[in-house]
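Presented below is the structure to which this report refers.
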Amino acid sequence: MENKIKHLEMLQNTITRMSGNSFLLKGWTVTLMTGIFVLSDKDSNRLFFLGAYIPLFVFWGMDAFYLHQERLFRKLYDYVRVRKPQEIDFSMNPAAVRSNSKKNRYLDCLFSITELGFYLPLLLLYSVLAVFSLKG
């Protein structure tokens, strides 16, 4: 039983690390986009703000990757949770657990409610600010 608990703790630590990475990416996205927008609002080139779309989409893709990995490790956690203690092999390979769920595909993570709920409003807000900046 002790092996099973240790394995579940290892998996939980990995899941926690993935969600922490996702949180940090969201913070960096807001920080970089704000910084680029502020720099482009000065007397510099007005098209400089277009550079803020690059970190937005890159971080969105990376965030979806971490969400995808987190979901795969949660699936592995559930798999280990129901196994008998003598069957524990300390595998950290989430691909070993077959999943037919659409929820565990990268593309579905990219357009999940949690990702769209953060990145889409940020994209729309930044686009509106950029349009008003070009007019001014």
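Ordering of the structure tokens sets the chain letters (A, B, ...), residue numbers begin anew at 1 in every chain, and ligands are numbered from 1 in the order given.
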
Spatial neighbours of range 75-92 of chain A, max dist 7 Å, only C-alpha atoms, sep filter under 2 positions, as a PDB file with C-alpha atoms, in the first residue's frame:
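The result, written out as selection.pdb:
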```pdb
ATOM      1  CA  MET A   1       0.000   0.000   0.000  1.00  0.00           C
ATOM      2  CA  ASN A   3       4.135   1.973  -2.898  1.00  0.00           C
ATOM      3  CA  LYS A   4       0.733   2.969  -4.200  1.00  0.00           C
ATOM      4  CA  HIS A   7       3.242   6.612  -6.761  1.00  0.00           C
ATOM      5  CA  LEU A   8       0.066   8.666  -6.370  1.00  0.00           C
ATOM      6  CA  LEU A  11       1.707  11.796  -9.995  1.00  0.00           C
ATOM      7  CA  ARG A  71      -5.242  15.804 -18.202  1.00  0.00           C
ATOM      8  CA  LEU A  72      -3.128  12.857 -19.304  1.00  0.00           C
ATOM      9  CA  PHE A  73      -1.502  12.611 -15.882  1.00  0.00           C
ATOM     10  CA  PRO A  94       0.643   8.689 -19.347  1.00  0.00           C
ATOM     11  CA  VAL A  97      -3.138   4.401 -20.246  1.00  0.00           C
TER      12      VAL A  97
END
```

Selection near Gln69 in chain A, 12 Å with only C-alpha atoms, sequence-local residues under 2 positions removed, as a PyMOL selection string: chain A and resi 11+14-19+21-22+62-67+71-76+92-95+103-106+109-110

Selected residue of minimal separation from Pro121 in chain A among A:Leu56, A:Leu25, A:Leu50, A:Ile36, counting only C-alpha atoms: A:Leu56

Residue list (helix (DSSP H, G or I), DSSP) for range 11-98 of chain A, as a VMD selection string: chain A and resid 11 to 41 46 to 81 85 to 87 94 to 96

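Across the model, the gap from CA of Met33 in chain A to CA of Glu70 in chain A is 25.6 Å.
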
Using only C-alpha atoms: which of A:Gly35, A:Phe49, A:Leu107, A:Glu115 has the shortest distance to Val131 in chain A: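 Of the candidates, the smallest distance to Val131 in chain A is held by A:Phe49.
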
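If you look at CA of Ile54 in chain A and CA of Thr29 in chain A, they are 10.0 Å away from each other.
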
Close residues, Thr34 in chain A itself excluded, 12 Å, only C-alpha atoms, min 3 positions apart in chain, as a PyMOL selection string: chain A and resi 27-31+37-41+49+51-53+55-56+122-123+125-126+129-130

Point-to-point distance in Å for CA of Leu24 in chain A and CA of Phe59 in chain A: 10.0 Å
